file data_35.txt (compact mmCIF, C-alpha atoms)
# COMPACT_ATOMS: atom_id res chain seq x y z
CA MET A 308 -121.13 17.21 12.47
CA MET A 309 -118.88 14.72 10.72
CA LYS A 310 -116.93 17.53 9.09
CA TRP A 311 -116.30 19.14 12.47
CA GLN A 312 -114.91 15.90 13.93
CA VAL A 313 -112.57 15.46 10.97
CA LEU A 314 -111.24 19.00 11.40
CA ARG A 315 -110.80 18.49 15.12
CA ALA A 316 -108.87 15.24 14.58
CA ALA A 317 -106.61 16.96 12.04
CA ALA A 318 -105.90 19.79 14.48
CA VAL A 319 -105.02 17.36 17.27
CA LEU A 320 -102.64 15.48 14.99
CA GLY A 321 -100.97 18.71 13.88
CA VAL A 322 -100.40 19.86 17.49
CA SER A 323 -99.06 16.45 18.43
CA GLY A 324 -96.63 16.61 15.53
CA LEU A 325 -95.40 20.00 16.67
CA LEU A 326 -94.89 18.75 20.21
CA VAL A 327 -92.90 15.74 19.05
CA THR A 328 -90.78 17.88 16.73
CA GLY A 329 -90.28 20.48 19.43
CA CYS A 330 -89.11 17.83 21.93
CA SER A 331 -86.61 16.33 19.56
CA ASP A 332 -85.17 19.78 18.78
CA SER A 333 -85.35 21.13 22.31
CA GLU A 334 -81.57 20.79 22.67
CA GLY A 335 -81.02 23.24 19.80
CA ALA A 336 -79.42 20.81 17.44
CA LYS A 337 -80.73 19.36 14.26
CA PRO A 338 -80.88 15.58 14.19
CA SER A 339 -78.42 15.60 11.31
CA ASP A 340 -75.92 17.53 13.48
CA ARG A 341 -75.65 14.73 15.98
CA PRO A 342 -73.10 11.95 15.26
CA PRO A 343 -74.60 8.51 14.99
CA ALA A 344 -74.17 6.41 18.12
CA ALA A 345 -72.00 3.89 16.28
CA ALA A 346 -69.60 6.63 15.10
CA THR A 347 -69.24 7.98 18.64
CA SER A 348 -68.51 4.48 19.91
CA ASP A 349 -65.92 3.93 17.16
CA ALA A 350 -64.17 7.21 18.00
CA ALA A 351 -63.97 6.26 21.67
CA THR A 352 -62.56 2.87 20.76
CA SER A 353 -60.03 4.55 18.43
CA ASP A 354 -58.97 6.96 21.18
CA THR A 355 -58.53 4.11 23.64
CA THR A 356 -56.50 2.11 21.11
CA ALA A 357 -54.31 5.13 20.36
CA SER A 358 -53.62 5.72 24.05
CA ASP A 359 -52.86 2.01 24.54
CA THR A 360 -50.48 2.09 21.57
CA THR A 361 -48.78 5.24 22.84
CA ALA A 362 -48.34 3.67 26.26
CA SER A 363 -46.90 0.47 24.82
CA ASP A 364 -44.64 2.39 22.44
CA ALA A 365 -43.14 4.45 25.24
CA PRO A 366 -39.55 3.36 25.84
CA ALA A 367 -39.01 1.36 28.96
CA SER A 368 -36.87 3.02 31.55
CA ALA A 369 -33.20 2.08 31.22
CA PRO A 370 -32.08 -0.57 33.68
CA SER A 371 -29.82 0.65 36.38
CA ALA A 372 -26.12 0.03 35.81
CA GLU A 373 -25.04 -3.19 37.42
CA PRO A 374 -21.96 -3.18 39.61
CA LEU A 375 -18.77 -4.47 38.03
CA SER A 376 -17.82 -8.06 38.76
CA ALA A 377 -14.61 -8.78 40.63
CA LYS A 378 -12.98 -9.85 37.36
CA ALA A 379 -14.04 -6.62 35.61
CA GLN A 380 -12.76 -4.56 38.52
CA ALA A 381 -9.41 -6.36 38.36
CA ALA A 382 -9.17 -5.75 34.61
CA GLU A 383 -9.95 -2.08 35.06
CA LYS A 384 -7.33 -1.79 37.82
CA VAL A 385 -4.68 -3.41 35.61
CA LYS A 386 -5.58 -1.17 32.67
CA LEU A 387 -5.33 2.00 34.76
CA ALA A 388 -2.00 0.96 36.28
CA VAL A 389 -0.48 0.10 32.89
CA GLU A 390 -1.82 3.27 31.27
CA LYS A 391 -0.46 5.42 34.08
CA ARG A 392 2.97 3.81 33.77
CA ILE A 393 3.29 4.01 29.98
CA SER A 394 1.75 7.47 29.45
CA ALA A 395 4.68 9.43 30.90
CA ASP A 396 7.28 7.28 29.13
CA GLU A 397 5.41 7.50 25.85
CA ARG A 398 5.39 11.29 26.09
CA GLN A 399 9.13 11.25 26.76
CA PHE A 400 10.23 8.68 24.19
CA GLY A 401 7.40 8.40 21.68
CA SER A 402 6.21 5.14 20.21
CA GLY A 403 6.05 3.36 16.88
CA VAL A 404 7.85 5.35 14.17
CA ASN A 405 8.40 8.17 16.67
CA SER A 406 10.31 5.93 19.05
CA PRO A 407 14.12 6.22 19.16
CA CYS A 408 14.12 2.43 18.77
CA SER A 409 12.24 2.51 15.48
CA THR A 410 14.30 0.70 12.86
CA SER A 411 14.11 3.82 10.71
CA SER A 412 15.50 6.03 13.49
CA PRO A 413 19.18 7.07 13.51
CA ARG A 414 19.01 6.80 17.33
CA MET A 415 18.29 3.07 17.30
CA PHE A 416 21.94 2.27 18.06
CA THR A 417 22.31 4.88 20.80
CA ALA A 418 21.78 5.32 24.53
CA THR A 419 18.49 7.09 23.77
CA CYS A 420 17.02 3.84 22.47
CA LYS A 421 18.52 2.02 25.46
CA ALA A 422 16.68 4.40 27.82
CA ALA A 423 13.43 3.85 25.93
CA ALA A 424 14.02 0.09 26.02
CA ASP A 425 14.53 0.17 29.79
CA ALA A 426 11.37 2.23 30.28
CA THR A 427 9.41 -0.20 28.12
CA SER A 428 10.76 -3.16 30.07
CA ASP A 429 9.80 -1.48 33.34
CA ALA A 430 6.27 -0.87 32.03
CA ALA A 431 6.04 -4.53 31.04
CA GLY A 432 7.15 -5.44 34.57
CA VAL A 433 4.37 -3.29 36.01
CA ALA A 434 1.85 -5.11 33.80
CA LEU A 435 3.07 -8.52 34.94
CA THR A 436 2.98 -7.45 38.59
CA GLU A 437 -0.56 -6.15 38.20
CA ILE A 438 -1.71 -9.34 36.46
CA ASP A 439 -0.21 -11.38 39.29
CA GLY A 440 -1.11 -14.70 37.69
CA ARG A 441 -4.82 -13.88 37.30
CA GLN A 442 -6.83 -15.41 34.45
CA GLY A 443 -8.15 -13.25 31.60
CA PHE A 444 -4.94 -11.38 30.72
CA ALA A 445 -3.35 -13.73 28.19
CA THR A 446 -2.70 -10.99 25.61
CA LEU A 447 -1.15 -8.57 28.09
CA ASP A 448 0.94 -11.33 29.67
CA SER A 449 2.25 -12.42 26.26
CA VAL A 450 3.03 -8.84 25.15
CA ALA A 451 4.82 -7.99 28.41
CA ARG A 452 7.00 -11.11 28.31
CA LYS A 453 7.84 -10.59 24.64
CA LEU A 454 8.90 -7.01 25.41
CA GLN A 455 11.14 -8.03 28.26
CA THR A 456 12.78 -10.66 26.06
CA ALA A 457 13.34 -8.08 23.30
CA VAL A 458 14.95 -5.64 25.75
CA ARG A 459 17.29 -8.34 27.07
CA THR A 460 18.28 -9.25 23.51
CA TYR A 461 18.90 -5.60 22.65
CA HIS A 462 21.22 -5.27 25.66
CA THR A 463 22.95 -8.60 25.07
CA LEU A 464 23.78 -7.67 21.48
CA GLY A 465 25.15 -4.31 22.61
CA CYS A 466 22.83 -2.50 20.18
CA ALA A 467 23.03 0.78 22.12
CA THR A 468 26.80 0.99 21.69
CA GLY A 469 26.67 1.60 17.95
CA PRO A 470 27.99 -1.79 16.77
CA THR A 471 29.76 -1.75 13.44
CA ALA A 472 29.49 -5.44 12.51
CA ALA A 473 26.79 -5.88 9.88
CA ASP A 474 25.44 -9.10 11.39
CA THR A 475 25.10 -7.48 14.82
CA ARG A 476 23.35 -4.44 13.41
CA THR A 477 20.97 -6.71 11.52
CA ALA A 478 20.30 -8.77 14.65
CA CYS A 479 19.42 -5.56 16.53
CA LEU A 480 16.59 -4.72 14.14
CA GLU A 481 14.06 -7.26 15.43
CA PRO A 482 14.25 -6.48 19.17
CA ALA A 483 14.37 -2.76 18.44
CA ALA A 484 11.18 -3.00 16.38
CA VAL A 485 9.41 -4.84 19.23
CA ILE A 486 10.59 -2.21 21.73
CA ALA A 487 9.46 0.67 19.50
CA GLN A 488 5.95 -0.79 19.40
CA GLY A 489 6.00 -1.70 23.08
CA PHE A 490 3.87 1.06 24.59
CA ASP A 491 1.12 0.59 22.00
CA ASP A 492 1.19 -3.18 22.44
CA LEU A 493 0.97 -2.90 26.23
CA ARG A 494 -2.01 -0.58 25.91
CA GLY A 495 -3.68 -2.99 23.51
CA GLY A 496 -3.03 -5.89 25.86
CA ALA A 497 -4.51 -3.98 28.79
CA ASN A 498 -7.61 -3.19 26.73
CA ALA A 499 -7.91 -6.84 25.72
CA GLY A 500 -7.90 -7.70 29.43
CA LEU A 501 -11.19 -5.81 29.78
CA ALA A 502 -12.69 -8.45 27.48
CA GLY A 503 -10.98 -11.27 29.35
CA LYS A 504 -8.47 -11.93 26.58

call {"tool": "encode", "arguments": {"input": "data_35.txt", "output": "structure tokens"}}
result
Amino acid sequence: MMKWQVLRAAAVLGVSGLLVTGCSDSEGAKPSDRPPAAATSDAATSDTTASDTTASDAPASAPSAEPLSAKAQAAEKVKLAVEKRISADERQFGSGVNSPCSTSSPRMFTATCKAAADATSDAAGVALTEIDGRQGFATLDSVARKLQTAVRTYHTLGCATGPTAADTRTACLEPAAVIAQGFDDLRGGANAGLAGK
């Protein structure tokens, strides 16, 4: 009788073991195939952190362009007016070493330089009219006035008439050099006005 009870108890334990094992494997996966709960939690945290980092790393949208201030608008208007005035004359006469008033040019003592000088003086006059006493155009104002003075000196000395006196020819060199550089200097002054200089 005792032997029978022992066998019965062993059978019950074996069936119970099968049931427990069957329940744990009922989803078709071995326990070793399932990731530990801590690993799953770490992966989720990592994914969240990555998405947060990606979101924070995304470039912010560019701010919309702000409207120009009244001073900036005035500077732009002056620049455009000066550029428009000097562009045509610069194409006609050239500037710097290409100007007929360049001290290395054989035309420096001719009517061709006189015409370039007059055009440069007119462009300087346009710049001064556009500035109209406003602040922030000190460079352009200085350049324009210097040019007009140089043109007056060139005319006063009679440089365009081909003077023969050595002292007169020497005196013509300085104003002619200023006139030859005039278009470039006016452009630079207009650009400086954009920065309030």

call {"tool": "residues_around", "arguments": {"input": "data_35.txt", "residues": "Ile438 (chain A)", "least_positions_apart": "4", "cutoff": "9 Å", "atoms": "only C-alpha atoms", "output": "short mmCIF file (atom, residue, chain, number, x, y, z; two decimals) with C-alpha atoms, in the frame of the given file"}}
result
data_model
loop_
_atom_site.label_atom_id
_atom_site.label_comp_id
_atom_site.auth_asym_id
_atom_site.auth_seq_id
_atom_site.Cartn_x
_atom_site.Cartn_y
_atom_site.Cartn_z
CA ALA A 381 -9.41 -6.36 38.36
CA ALA A 382 -9.17 -5.75 34.61
CA VAL A 385 -4.68 -3.41 35.61
CA VAL A 433 4.37 -3.29 36.01
CA ALA A 434 1.85 -5.11 33.80
CA GLN A 442 -6.83 -15.41 34.45
CA GLY A 443 -8.15 -13.25 31.60
CA PHE A 444 -4.94 -11.38 30.72
CA LEU A 447 -1.15 -8.57 28.09
CA ASP A 448 0.94 -11.33 29.67
#

call {"tool": "residues_near_point", "arguments": {"input": "data_35.txt", "point": "(13.9, 6.6, 14.2)", "cutoff": "12 Å", "atoms": "all atoms listed in the file", "output": "list of chain:residue names"}}
result
A:Phe400, A:Gly401, A:Ser402, A:Gly403, A:Val404, A:Asn405, A:Ser406, A:Pro407, A:Cys408, A:Ser409, A:Thr410, A:Ser411, A:Ser412, A:Pro413, A:Arg414, A:Met415, A:Phe416, A:Thr417, A:Thr419, A:Cys420, A:Leu480, A:Ala483, A:Ala484, A:Ala487

call {"tool": "residues_around", "arguments": {"input": "data_35.txt", "residues": "Lys391 (chain A)", "least_positions_apart": "3", "cutoff": "12 Å", "atoms": "all atoms listed in the file", "output": "JSON, numbers by chain"}}
result
{"A": [384, 385, 386, 387, 388, 394, 395, 396, 397, 398, 430, 433, 434, 490, 493, 494, 497]}

call {"tool": "atom_distance", "arguments": {"input": "data_35.txt", "atom1": "CA of Thr427 (chain A)", "atom2": "CA of Gly496 (chain A)"}}
result
13.9 Å

call {"tool": "closest_residue", "arguments": {"input": "data_35.txt", "among": "A:Lys421, A:Ala431, A:Thr471, A:Val485", "to": "Glu390 (chain A)", "atoms": "only C-alpha atoms"}}
result
A:Ala431

call {"tool": "atom_distance", "arguments": {"input": "data_35.txt", "atom1": "CA of Thr475 (chain A)", "atom2": "CA of Val450 (chain A)"}}
result
24.4 Å

call {"tool": "closest_residue", "arguments": {"input": "data_35.txt", "among": "A:Leu501, A:Ile393, A:Ala424, A:Ala418", "to": "Ala467 (chain A)", "atoms": "all atoms listed in the file"}}
result
A:Ala418

call {"tool": "closest_residue", "arguments": {"input": "data_35.txt", "among": "A:Gly440, A:Arg476, A:Asp429, A:Ile486", "to": "Leu454 (chain A)", "atoms": "all atoms listed in the file"}}
result
A:Ile486

call {"tool": "closest_residue", "arguments": {"input": "data_35.txt", "among": "A:Gln488, A:Asn498, A:Thr436, A:Gln380", "to": "Ala457 (chain A)", "atoms": "all atoms listed in the file"}}
result
A:Gln488
